[in-house]
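Participant: Contents are mmCIF, C-alpha atoms; file name run_8.cif:
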data_coords
#
loop_
_atom_site.label_atom_id
_atom_site.label_comp_id
_atom_site.auth_asym_id
_atom_site.auth_seq_id
_atom_site.Cartn_x
_atom_site.Cartn_y
_atom_site.Cartn_z
CA MET A 117 108.19 77.88 110.93
CA GLU A 118 109.88 81.27 110.71
CA THR A 119 107.61 84.05 109.45
CA LEU A 120 108.75 85.90 106.34
CA LEU A 121 105.73 88.15 105.73
CA SER A 122 103.20 89.32 108.30
CA VAL A 123 100.25 91.56 107.39
CA GLN A 124 98.55 92.97 110.48
CA ASP A 125 95.18 94.78 110.43
CA LEU A 126 95.79 96.27 106.99
CA SER A 127 93.18 98.82 105.82
CA ILE A 128 93.37 100.32 102.32
CA SER A 129 91.05 102.86 100.71
CA PHE A 130 90.85 104.90 97.52
CA HIS A 131 89.64 108.48 97.30
CA THR A 132 87.35 109.06 94.32
CA TYR A 133 85.05 111.85 93.18
CA ASN A 134 82.16 110.02 94.85
CA GLY A 135 83.96 109.60 98.15
CA GLU A 136 86.08 106.99 99.87
CA VAL A 137 86.15 103.40 98.64
CA GLN A 138 87.31 100.90 101.26
CA ALA A 139 89.09 98.15 99.34
CA VAL A 140 90.69 96.23 102.24
CA ARG A 141 89.38 96.26 105.80
CA GLU A 142 91.65 95.12 108.66
CA ALA A 143 93.10 92.14 106.80
CA SER A 144 95.68 89.97 108.56
CA PHE A 145 97.68 86.88 107.57
CA ASP A 146 101.17 85.36 107.97
CA LEU A 147 103.46 83.64 105.48
CA GLY A 148 106.30 81.35 106.54
CA ARG A 149 109.60 80.81 104.75
CA GLY A 150 109.30 78.34 101.89
CA GLU A 151 105.52 78.23 102.25
CA VAL A 152 102.84 78.54 99.54
CA LEU A 153 99.88 80.64 100.65
CA ALA A 154 96.85 80.79 98.34
CA ILE A 155 94.53 83.79 98.58
CA VAL A 156 91.11 83.11 97.09
CA GLY A 157 87.93 85.14 96.92
CA GLU A 158 85.44 86.66 94.54
CA SER A 159 86.44 89.39 92.12
CA GLY A 160 86.67 92.75 93.88
CA SER A 161 87.33 91.30 97.33
CA GLY A 162 90.69 93.08 97.56
CA LYS A 163 93.19 90.30 96.80
CA SER A 164 95.29 92.05 94.15
CA VAL A 165 95.09 95.46 95.83
CA MET A 166 96.41 94.04 99.07
CA MET A 167 99.33 92.28 97.38
CA GLN A 168 100.28 95.25 95.21
CA THR A 169 100.20 97.50 98.26
CA ILE A 170 103.00 95.42 99.73
CA LEU A 171 105.21 96.71 96.91
CA GLN A 172 103.58 100.18 96.97
CA LEU A 173 102.42 99.84 93.37
CA THR A 174 98.94 101.33 93.81
CA PRO A 175 98.01 104.99 94.44
CA CYS A 176 95.98 104.11 97.51
CA HIS A 177 95.64 105.47 101.02
CA LEU A 178 96.97 103.23 103.78
CA LYS A 179 94.55 103.89 106.61
CA GLY A 180 96.11 101.54 109.14
CA GLY A 181 97.99 98.36 109.80
CA ARG A 182 101.52 97.11 109.30
CA ILE A 183 103.36 95.00 106.73
CA LEU A 184 106.36 93.22 108.23
CA PHE A 185 108.73 91.73 105.67
CA ASP A 186 111.67 89.83 107.09
CA GLY A 187 111.14 91.62 110.40
CA GLU A 188 111.06 95.15 108.90
CA ASP A 189 107.98 97.38 108.69
CA ILE A 190 108.00 98.32 105.00
CA THR A 191 104.94 100.57 105.27
CA ARG A 192 107.31 103.30 106.48
CA TYR A 193 109.78 102.84 103.62
CA THR A 194 110.41 105.65 101.17
CA ASP A 195 110.21 105.12 97.43
CA ARG A 196 114.00 104.84 97.19
CA GLN A 197 114.01 102.13 99.86
CA MET A 198 111.22 100.26 98.09
CA GLN A 199 113.18 100.33 94.82
CA ALA A 200 115.89 98.32 96.55
CA ILE A 201 113.32 95.67 97.53
CA ARG A 202 111.26 95.41 94.35
CA GLY A 203 112.67 92.71 92.12
CA SER A 204 115.58 91.83 94.40
CA GLN A 205 113.75 90.52 97.50
CA ILE A 206 110.10 90.52 96.35
CA GLY A 207 109.11 89.47 92.83
CA ILE A 208 105.65 89.68 91.30
CA ILE A 209 103.94 87.96 88.38
CA PHE A 210 101.07 90.10 87.07
CA GLN A 211 97.82 88.80 85.63
CA ASP A 212 98.28 89.73 81.97
CA ALA A 213 101.80 89.39 80.61
CA MET A 214 100.85 91.11 77.35
CA THR A 215 100.05 94.39 79.12
CA SER A 216 102.70 94.05 81.84
CA LEU A 217 105.71 93.53 79.60
CA ASN A 218 107.17 96.41 77.58
CA PRO A 219 106.32 95.94 73.87
CA THR A 220 109.15 98.29 72.77
CA MET A 221 111.93 96.37 74.55
CA LYS A 222 113.39 93.03 73.60
CA ILE A 223 112.91 90.09 75.94
CA GLY A 224 116.56 89.91 76.92
CA ARG A 225 116.77 93.55 77.91
CA GLN A 226 113.72 93.26 80.15
CA ILE A 227 115.24 90.31 82.00
CA THR A 228 118.70 91.84 82.40
CA GLU A 229 117.32 95.18 83.61
CA SER A 230 116.87 94.02 87.21
CA LEU A 231 120.12 92.04 87.14
CA LEU A 232 122.13 95.10 86.14
CA ARG A 233 120.43 97.25 88.76
CA HIS A 234 120.35 94.99 91.82
CA GLN A 235 123.19 92.51 91.38
CA LYS A 236 125.66 94.83 89.62
CA LEU A 237 126.60 92.25 87.01
CA SER A 238 128.42 93.03 83.81
CA ARG A 239 126.44 92.95 80.58
CA LYS A 240 127.95 89.63 79.55
CA GLU A 241 127.20 88.07 82.95
CA ALA A 242 123.66 89.44 82.88
CA ARG A 243 123.15 88.02 79.38
CA ASP A 244 124.38 84.60 80.45
CA ARG A 245 122.09 84.71 83.49
CA ALA A 246 119.11 85.71 81.30
CA LEU A 247 119.74 82.79 78.94
CA GLU A 248 119.96 80.49 81.95
CA LEU A 249 116.62 81.79 83.24
CA LEU A 250 114.93 81.33 79.86
CA THR A 251 116.14 77.74 79.80
CA GLN A 252 115.06 77.24 83.41
CA VAL A 253 111.49 78.33 82.73
CA GLY A 254 111.22 75.99 79.74
CA ILE A 255 111.57 78.31 76.73
CA ASN A 256 113.15 76.63 73.71
CA HIS A 257 115.84 78.36 71.65
CA PRO A 258 116.70 80.92 74.37
CA GLU A 259 119.33 82.66 72.21
CA LYS A 260 116.67 83.39 69.60
CA ARG A 261 114.00 84.45 72.11
CA TYR A 262 116.51 86.74 73.81
CA HIS A 263 116.38 89.11 70.82
CA GLN A 264 112.63 88.91 70.16
CA TYR A 265 109.74 91.10 71.28
CA ILE A 266 106.69 89.99 73.23
CA HIS A 267 104.44 89.98 70.16
CA ASN A 268 106.64 87.20 68.74
CA LEU A 269 105.74 84.89 71.64
CA SER A 270 102.64 82.92 72.50
CA GLY A 271 100.62 83.50 75.66
CA GLY A 272 102.29 80.68 77.56
CA MET A 273 105.78 81.82 76.56
CA ARG A 274 105.01 85.40 77.63
CA GLN A 275 103.93 84.10 81.02
CA ARG A 276 107.18 82.15 81.29
CA VAL A 277 109.12 85.32 80.52
CA MET A 278 107.23 87.07 83.35
CA ILE A 279 108.28 84.26 85.70
CA ALA A 280 111.88 84.55 84.55
CA ILE A 281 111.87 88.30 85.26
CA ALA A 282 110.32 87.77 88.70
CA LEU A 283 112.90 85.12 89.65
CA ALA A 284 115.93 86.82 88.07
CA CYS A 285 117.40 88.02 91.39
CA ARG A 286 116.27 84.96 93.40
CA PRO A 287 113.80 86.84 95.63
CA LYS A 288 112.70 85.65 99.04
CA LEU A 289 109.01 86.22 98.21
CA LEU A 290 107.18 85.64 94.93
CA ILE A 291 103.68 87.08 94.44
CA ALA A 292 101.80 85.26 91.66
CA ASP A 293 98.69 87.29 90.83
CA GLU A 294 96.57 84.83 88.83
CA PRO A 295 99.53 83.57 86.75
CA THR A 296 97.35 81.20 84.70
CA THR A 297 94.74 83.75 83.56
CA ALA A 298 93.74 83.51 79.86
CA LEU A 299 95.78 80.32 79.36
CA ASP A 300 94.41 76.97 78.27
CA VAL A 301 94.30 74.04 80.68
CA THR A 302 97.47 72.38 79.40
CA ILE A 303 99.55 75.56 79.71
CA GLN A 304 98.04 76.25 83.14
CA ALA A 305 99.28 72.89 84.40
CA GLN A 306 102.73 73.55 82.95
CA ILE A 307 102.96 76.98 84.60
CA MET A 308 101.92 75.64 88.01
CA ASP A 309 104.37 72.73 87.76
CA LEU A 310 107.06 75.25 86.87
CA LEU A 311 106.28 77.41 89.92
CA VAL A 312 106.42 74.39 92.24
CA LYS A 313 109.72 73.28 90.71
CA LEU A 314 111.27 76.74 90.98
CA ARG A 315 110.08 77.01 94.57
CA GLU A 316 112.07 73.91 95.44
CA GLU A 317 115.14 75.10 93.52
CA VAL A 318 115.17 78.74 94.64
CA GLY A 319 113.61 78.23 98.07
CA CYS A 320 111.29 81.24 97.92
CA SER A 321 107.88 81.69 99.51
CA ILE A 322 104.90 82.08 97.18
CA VAL A 323 101.65 83.99 97.55
CA LEU A 324 99.26 82.57 94.95
CA ILE A 325 96.20 84.62 94.02
CA THR A 326 93.72 82.57 92.02
CA HIS A 327 90.08 81.61 91.49
CA ASP A 328 90.91 78.00 90.59
CA LEU A 329 90.27 75.91 93.69
CA GLY A 330 91.70 72.83 91.97
CA VAL A 331 95.07 74.59 91.66
CA VAL A 332 94.79 75.71 95.27
CA ALA A 333 94.07 72.21 96.59
CA ALA A 334 97.00 70.70 94.68
CA ASN A 335 99.70 73.29 95.39
CA ALA A 336 98.91 75.42 98.46
CA ASP A 337 100.12 74.71 101.98
CA ARG A 338 97.65 77.15 103.52
CA ILE A 339 94.65 79.12 102.22
CA ALA A 340 93.31 82.56 103.08
CA VAL A 341 89.77 83.39 101.98
CA MET A 342 88.87 87.03 101.35
CA TYR A 343 85.36 88.45 101.28
CA ALA A 344 84.30 92.11 101.16
CA GLY A 345 87.83 93.31 101.84
CA ARG A 346 88.42 91.08 104.87
CA VAL A 347 90.32 87.85 105.42
CA VAL A 348 87.48 85.77 106.80
CA GLU A 349 89.20 82.37 106.86
CA THR A 350 92.72 80.99 107.09
CA GLY A 351 93.80 77.40 107.44
CA SER A 352 95.21 74.36 105.70
CA SER A 353 93.63 72.86 102.62
CA ASP A 354 91.90 70.15 104.65
CA GLN A 355 90.45 72.67 107.07
CA ILE A 356 89.16 75.00 104.37
CA PHE A 357 87.79 72.41 101.96
CA THR A 358 86.27 70.08 104.55
CA THR A 359 85.22 72.07 107.60
CA ARG A 360 84.23 75.33 105.89
CA PRO A 361 83.24 77.44 108.93
CA THR A 362 82.02 80.19 106.58
CA PRO A 363 80.10 79.77 103.31
CA THR A 364 82.54 81.75 101.14
CA PRO A 365 84.47 78.76 99.73
CA GLY A 366 81.15 77.05 99.04
CA ALA A 367 80.12 79.97 96.86
CA CYS A 368 83.25 79.38 94.79
CA TRP A 369 82.37 75.69 94.53
CA ASN A 370 78.88 76.27 93.17
CA PRO A 371 79.93 77.16 89.56
CA SER A 372 81.70 73.80 89.23
CA PRO A 373 79.20 71.48 87.45
CA GLY A 374 78.62 67.99 88.72
CA TRP A 375 80.47 68.38 92.03
CA THR A 376 79.05 68.81 95.50
CA PRO A 377 81.28 70.21 98.24
CA PRO A 378 81.70 68.02 101.33
CA THR A 379 79.78 68.92 104.42
CA THR A 380 80.38 68.16 108.07
CA PRO A 381 77.99 68.33 111.03
CA GLY A 382 77.51 71.92 112.06
CA SER A 383 78.77 73.40 108.78
CA PRO A 384 76.48 75.23 106.33
CA THR A 385 75.03 72.96 103.68
CA SER A 386 74.42 75.70 101.16
CA GLY A 387 77.29 77.47 99.43
CA ALA A 388 75.31 80.64 98.79
CA PRO A 389 76.85 83.79 100.29
CA ARG A 390 75.20 84.78 103.55
CA PRO A 391 75.76 87.66 105.95
CA MET A 392 78.75 87.08 108.23
CA PRO A 393 79.28 88.75 111.62
CA SER A 394 81.58 91.80 111.67
CA THR A 395 82.02 91.62 107.90
CA PRO A 396 80.67 94.50 105.78
CA PRO A 397 78.09 94.69 104.40
CA PRO A 398 76.29 93.57 107.59
CA ALA A 399 72.82 93.09 106.10
CA ALA A 400 73.14 91.76 102.56
CA PRO A 401 76.36 90.40 101.01
CA LEU A 402 75.68 91.94 97.60
CA ALA A 403 74.61 95.38 98.87
CA PRO A 404 77.16 98.24 98.95
CA GLY A 405 79.12 98.47 102.17
CA ALA A 406 78.56 101.16 104.78
CA GLY A 407 81.88 102.81 103.99
CA THR A 408 81.46 103.03 100.24
CA PRO A 409 80.01 105.99 98.35
CA TRP A 410 77.79 103.72 96.30
CA LEU A 411 75.47 103.28 99.28
CA SER A 412 74.39 106.90 99.22
CA ALA A 413 74.35 106.91 95.43
CA ALA A 414 72.02 103.92 95.38
CA LYS A 415 69.51 105.73 97.59
CA ARG A 416 69.30 108.78 95.37
CA PRO A 417 66.26 109.11 93.08
CA ARG A 418 66.95 108.08 89.55
CA ARG A 419 67.43 110.68 86.89
CA SER A 420 64.88 111.28 84.21
CA GLY A 421 65.13 108.78 81.43
CA SER A 422 65.52 105.84 83.83
CA SER A 423 63.98 102.56 82.86
CA SER A 424 62.22 102.23 86.21
CA PRO A 425 58.46 102.66 85.71
CA ALA A 426 58.10 104.39 89.08
CA THR A 427 60.61 107.13 88.32
CA ALA A 428 60.49 107.23 84.55
CA ALA A 429 60.28 110.72 83.11
CA PRO A 430 57.39 111.64 80.83
CA ALA A 431 57.97 111.31 77.15
CA SER A 432 60.30 114.06 75.99
CA SER A 433 59.56 116.40 73.11
CA TRP A 434 61.79 114.61 70.61
CA THR A 435 59.95 111.33 71.20
CA THR A 436 56.46 112.82 70.86
CA ARG A 437 57.31 114.62 67.60
CA ARG A 438 58.61 111.61 65.76
CA ARG A 439 56.96 111.44 62.33
CA ARG A 440 56.82 108.82 59.69
CA PRO A 441 58.72 109.59 56.48
CA GLY A 442 56.62 111.36 53.86
CA ARG A 443 56.08 114.69 52.10
CA LYS A 444 55.60 117.99 53.86
CA PRO A 445 52.56 120.18 52.99
CA ASP A 446 54.73 122.18 50.56
CA GLY A 447 55.65 119.03 48.62
CA ARG A 448 59.18 118.59 49.97
CA TRP A 449 60.32 115.36 51.58
CA ARG A 450 60.41 115.37 55.35
CA CYS A 451 63.91 114.73 56.83
CA ASP A 452 63.57 112.59 59.90
CA HIS A 453 66.83 111.68 61.64
CA ASP A 454 65.14 108.87 63.55
CA THR A 455 64.40 106.77 60.48
CA GLY A 456 67.30 107.33 58.09
CA ALA A 457 64.96 106.53 55.18
CA SER A 458 64.17 110.06 53.95
CA LEU A 459 67.41 110.52 52.01
CA ARG A 460 67.06 107.16 50.31
CA ASP A 461 63.43 107.84 49.35
CA ARG A 462 64.31 111.30 48.04
CA ARG A 463 67.06 109.89 45.82
CA ALA A 464 64.64 107.28 44.47
CA GLU A 465 62.11 110.01 43.69
CA GLN A 466 64.73 112.00 41.77
CA VAL A 467 65.69 108.96 39.72
CA LEU A 468 62.04 108.31 38.84
CA SER A 469 61.38 111.93 37.91
CA PHE A 470 64.35 112.14 35.53
CA GLY A 471 63.73 108.71 34.09
#
For the file at hand, write its structure as structure tokens.

Facilitator:
Amino acid sequence: METLLSVQDLSISFHTYNGEVQAVREASFDLGRGEVLAIVGESGSGKSVMMQTILQLTPCHLKGGRILFDGEDITRYTDRQMQAIRGSQIGIIFQDAMTSLNPTMKIGRQITESLLRHQKLSRKEARDRALELLTQVGINHPEKRYHQYIHNLSGGMRQRVMIAIALACRPKLLIADEPTTALDVTIQAQIMDLLVKLREEVGCSIVLITHDLGVVAANADRIAVMYAGRVVETGSSDQIFTTRPTPTPGACWNPSPGWTPPTTPGSPTSGAPRPMPSTPPPAAPLAPGAGTPWLSAAKRPRRSGSSSPATAAPASSWTTRRRRPGRKPDGRWRCDHDTGASLRDRRAEQVLSFG
């Protein structure tokens, strides 16, 4: 199978006030033409960052590696060159359509925007194409929806609009970043069926980022498992779900009630995360990695006021001087901000004295 996308030893980091945060560490995978690749992993493993870096949508620092799209190294592309690729050759479906779509623009204008820019269509041709896309993704009354805003649509319809925008220019690659997030089970099934149908009609390759292993098993040709910023496993669905050379997929299986993952001789029987060779962190999977600033921050002594009994500061002056509400020696009511009862008691005393 001819390779459409090849990510080779990709390393991505972010520079923060606390230091460098290594989000992706030497990740590598390949995607063939017309193939569906599912990328799974725990939250924070670097799935979305890696995919958005392909389109240069994140303000990150590319430390190393290459991204070959259709034989071209797009890591060296300028912003003007990337604008010619975004939307026309690579489409993306973001996690939350409500925050990704423009609430001040009508649905039709958001769909025709990429058509007018990349395909140089007339406004009438772009409108006809937008209505065709709305019908293709299963939205009823497309002429009416064309003139509506996103707040007039339900969650499933907004997600369908996102798919229509991503497929407007018939891209070669479609990145679906958790397209079924915050949708009920029925709508999730409809969205996944729609993606599979459009893949057959358009002929594009799909990178599916998800936590739902049921969706992965039913729709993905190959699976890449990410853990701690690395791609630790790649293979077909049968290889990943049956052989499981590393325990990462088993950790995703554990939350599913009433189901036990299959085991084979020589494979780990427990799905709990365990240290893996050459994968940071080397000692404990839940400890901060060696390249992250949180490691040094975790070793610092806690500040005063911490809940730890070993490092807790002595009682401060405002806690030792707390007093119960009552009268002062001169007869006035004591105002204590910690209780909030002094004002109420003083008003009651005034009412009684004048009564």

Participant: Could you expand the PyMOL selection byres ((chain A and resi 265) around 8) into the explicit residues it covers here, written as a PyMOL selection string?

Facilitator: chain A and resi 219-223+261+263-264+266-269

Participant: I'd like a table as JSON lines: residues in stretch 252-332 of chain A with an atom no more than 10 Å from stretch 179-202 of chain A, each row giving the shortest atom pair and its distance in Å to one decimal, only C-alpha atoms counted, sorted by chain and rising residue number.

Facilitator:
{"residue": "A:Ala282", "atom": "CA", "partner": "A:Arg202", "partner_atom": "CA", "distance": 9.5}
{"residue": "A:Pro287", "atom": "CA", "partner": "A:Arg202", "partner_atom": "CA", "distance": 9.0}
{"residue": "A:Lys288", "atom": "CA", "partner": "A:Asp186", "partner_atom": "CA", "distance": 9.1}
{"residue": "A:Leu289", "atom": "CA", "partner": "A:Phe185", "partner_atom": "CA", "distance": 9.3}

Participant: For A:Gly272, which residue among A:Glu158, A:Asp293, A:Asp300, A:Asp354 is the nearest when counting all atoms listed in the file?

Facilitator: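 Of A:Glu158, A:Asp293, A:Asp300, A:Asp354, the one nearest A:Gly272 is A:Asp300, counting all atoms listed in the file.
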
Participant: List the residues matched by the PyMOL selection byres ((chain A and resi 291) around 12) in the displayed structure as a PDB file with C-alpha atoms, in the coordinates of the input, ordered by chain and then by residue number.

Facilitator:
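Written out: part-v6.pdb:
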ATOM      1  CA  LEU A 121     105.730  88.150 105.730  1.00  0.00           C
ATOM      2  CA  LEU A 147     103.460  83.640 105.480  1.00  0.00           C
ATOM      3  CA  GLU A 151     105.520  78.230 102.250  1.00  0.00           C
ATOM      4  CA  VAL A 152     102.840  78.540  99.540  1.00  0.00           C
ATOM      5  CA  LEU A 153      99.880  80.640 100.650  1.00  0.00           C
ATOM      6  CA  ALA A 154      96.850  80.790  98.340  1.00  0.00           C
ATOM      7  CA  ILE A 155      94.530  83.790  98.580  1.00  0.00           C
ATOM      8  CA  LYS A 163      93.190  90.300  96.800  1.00  0.00           C
ATOM      9  CA  SER A 164      95.290  92.050  94.150  1.00  0.00           C
ATOM     10  CA  MET A 166      96.410  94.040  99.070  1.00  0.00           C
ATOM     11  CA  MET A 167      99.330  92.280  97.380  1.00  0.00           C
ATOM     12  CA  GLN A 168     100.280  95.250  95.210  1.00  0.00           C
ATOM     13  CA  THR A 169     100.200  97.500  98.260  1.00  0.00           C
ATOM     14  CA  ILE A 170     103.000  95.420  99.730  1.00  0.00           C
ATOM     15  CA  LEU A 171     105.210  96.710  96.910  1.00  0.00           C
ATOM     16  CA  ARG A 202     111.260  95.410  94.350  1.00  0.00           C
ATOM     17  CA  GLY A 203     112.670  92.710  92.120  1.00  0.00           C
ATOM     18  CA  GLN A 205     113.750  90.520  97.500  1.00  0.00           C
ATOM     19  CA  ILE A 206     110.100  90.520  96.350  1.00  0.00           C
ATOM     20  CA  GLY A 207     109.110  89.470  92.830  1.00  0.00           C
ATOM     21  CA  ILE A 208     105.650  89.680  91.300  1.00  0.00           C
ATOM     22  CA  ILE A 209     103.940  87.960  88.380  1.00  0.00           C
ATOM     23  CA  PHE A 210     101.070  90.100  87.070  1.00  0.00           C
ATOM     24  CA  GLN A 211      97.820  88.800  85.630  1.00  0.00           C
ATOM     25  CA  MET A 278     107.230  87.070  83.350  1.00  0.00           C
ATOM     26  CA  ILE A 279     108.280  84.260  85.700  1.00  0.00           C
ATOM     27  CA  ALA A 282     110.320  87.770  88.700  1.00  0.00           C
ATOM     28  CA  LEU A 283     112.900  85.120  89.650  1.00  0.00           C
ATOM     29  CA  PRO A 287     113.800  86.840  95.630  1.00  0.00           C
ATOM     30  CA  LYS A 288     112.700  85.650  99.040  1.00  0.00           C
ATOM     31  CA  LEU A 289     109.010  86.220  98.210  1.00  0.00           C
ATOM     32  CA  LEU A 290     107.180  85.640  94.930  1.00  0.00           C
ATOM     33  CA  ALA A 292     101.800  85.260  91.660  1.00  0.00           C
ATOM     34  CA  ASP A 293      98.690  87.290  90.830  1.00  0.00           C
ATOM     35  CA  GLU A 294      96.570  84.830  88.830  1.00  0.00           C
ATOM     36  CA  PRO A 295      99.530  83.570  86.750  1.00  0.00           C
ATOM     37  CA  LEU A 311     106.280  77.410  89.920  1.00  0.00           C
ATOM     38  CA  ARG A 315     110.080  77.010  94.570  1.00  0.00           C
ATOM     39  CA  CYS A 320     111.290  81.240  97.920  1.00  0.00           C
ATOM     40  CA  SER A 321     107.880  81.690  99.510  1.00  0.00           C
ATOM     41  CA  ILE A 322     104.900  82.080  97.180  1.00  0.00           C
ATOM     42  CA  VAL A 323     101.650  83.990  97.550  1.00  0.00           C
ATOM     43  CA  LEU A 324      99.260  82.570  94.950  1.00  0.00           C
ATOM     44  CA  ILE A 325      96.200  84.620  94.020  1.00  0.00           C
ATOM     45  CA  THR A 326      93.720  82.570  92.020  1.00  0.00           C
TER      46      THR A 326
END

Participant: Quick one: distance from atom CA of A:Glu118 to atom CA of A:Ala340 in Å, one decimal?

Facilitator: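 About the pair atom CA of A:Glu118 and atom CA of A:Ala340: they are 18.3 Å apart.
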
Participant: What does the distance from atom CA of A:Asp212 to atom CA of A:Arg245 come to in Å, to one decimal?

Facilitator: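 Rounded to one decimal, the two atoms are 24.4 Å apart.
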
Participant: For a test of reading the model, state the distance in Å between atom CA of A:Asp328 and atom CA of A:Ile227, rounded to one decimal.

Facilitator: 28.6 Å

Participant: Kindly resolve the PyMOL selection byres ((chain A and resi 231) around 10) on the present coordinates and return the residues as a list in words.

Facilitator: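 Matching residues under the PyMOL selection byres ((chain A and resi 231) around 10) are Gly203, Ser204, Arg225, Gln226, Ile227, Thr228, Glu229, Ser230, Leu232, Arg233, His234, Gln235, Lys236, Leu237, Ser238, Arg239, Glu241, Ala242, Arg243, Arg245, Ala246, Ile281, Ala284 and Cys285 of chain A.
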
Participant: Pick from A:Ile307, A:Gly319, A:Arg338, A:Leu299: nearest to A:Ala280, with all atoms listed in the file counted?

Facilitator: A:Ile307

Participant: Which is closer to A:Leu178 than all the others in A:Ser129, A:Gln355, A:Asn218, A:Glu136, using all atoms listed in the file?

Facilitator: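 Closest candidate: A:Ser129.
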
Participant: Could you check which of A:Gly148, A:Gly162, A:Gly254, A:Gly271 is closest to A:Val347, using only C-alpha atoms?

Facilitator: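 Among the listed residues, the smallest separation from A:Val347 belongs to A:Gly162.
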
Participant: For A:Gln252, which residue among A:Leu217, A:Val277, A:Ile128, A:Leu120 is the nearest when counting all atoms listed in the file?

Facilitator: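 Smallest separation from A:Gln252 among the options: A:Val277.
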
Participant: What would the list of residues within 10 Å of (87.5, 99.8, 95.1) (file frame) look like as a ChimeraX atom specification, if all atoms listed in the file are what count?

Facilitator: /A:128-132,136-140,160-162,165,176,345,408

Participant: Once you've located stretch 319-324 of chain A in the structure I gave, write it as a tab-separated table (two decimals), in the first residue's frame, keeping all heavy atoms.

Facilitator:
chain	number	residue	atom	x	y	z
A	319	GLY	N	-12.75	8.57	-0.85
A	319	GLY	CA	-11.49	7.86	-1.00
A	319	GLY	C	-10.35	8.45	-0.20
A	319	GLY	O	-9.18	8.30	-0.57
A	320	CYS	N	-10.65	9.11	0.90
A	320	CYS	CA	-9.61	9.74	1.71
A	320	CYS	C	-9.13	8.79	2.80
A	320	CYS	O	-9.83	7.83	3.17
A	320	CYS	CB	-10.13	11.03	2.35
A	320	CYS	SG	-11.48	10.80	3.52
A	321	SER	N	-7.96	9.07	3.32
A	321	SER	CA	-7.43	8.35	4.48
A	321	SER	C	-7.90	9.05	5.74
A	321	SER	O	-8.09	10.27	5.75
A	321	SER	CB	-5.91	8.30	4.44
A	321	SER	OG	-5.45	7.69	3.24
A	322	ILE	N	-8.07	8.30	6.83
A	322	ILE	CA	-8.62	8.85	8.06
A	322	ILE	C	-7.70	8.50	9.22
A	322	ILE	O	-7.27	7.34	9.36
A	322	ILE	CB	-10.04	8.32	8.34
A	322	ILE	CG1	-11.00	8.73	7.22
A	322	ILE	CG2	-10.55	8.82	9.68
A	322	ILE	CD1	-12.41	8.20	7.42
A	323	VAL	N	-7.38	9.50	10.02
A	323	VAL	CA	-6.71	9.29	11.31
A	323	VAL	C	-7.75	9.55	12.38
A	323	VAL	O	-8.23	10.67	12.54
A	323	VAL	CB	-5.50	10.22	11.49
A	323	VAL	CG1	-4.90	10.05	12.88
A	323	VAL	CG2	-4.45	9.94	10.42
A	324	LEU	N	-8.12	8.52	13.11
A	324	LEU	CA	-9.18	8.59	14.11
A	324	LEU	C	-8.57	8.59	15.51
A	324	LEU	O	-7.91	7.63	15.90
A	324	LEU	CB	-10.14	7.41	13.94
A	324	LEU	CG	-11.28	7.28	14.95
A	324	LEU	CD1	-12.21	8.48	14.85
A	324	LEU	CD2	-12.05	5.98	14.72
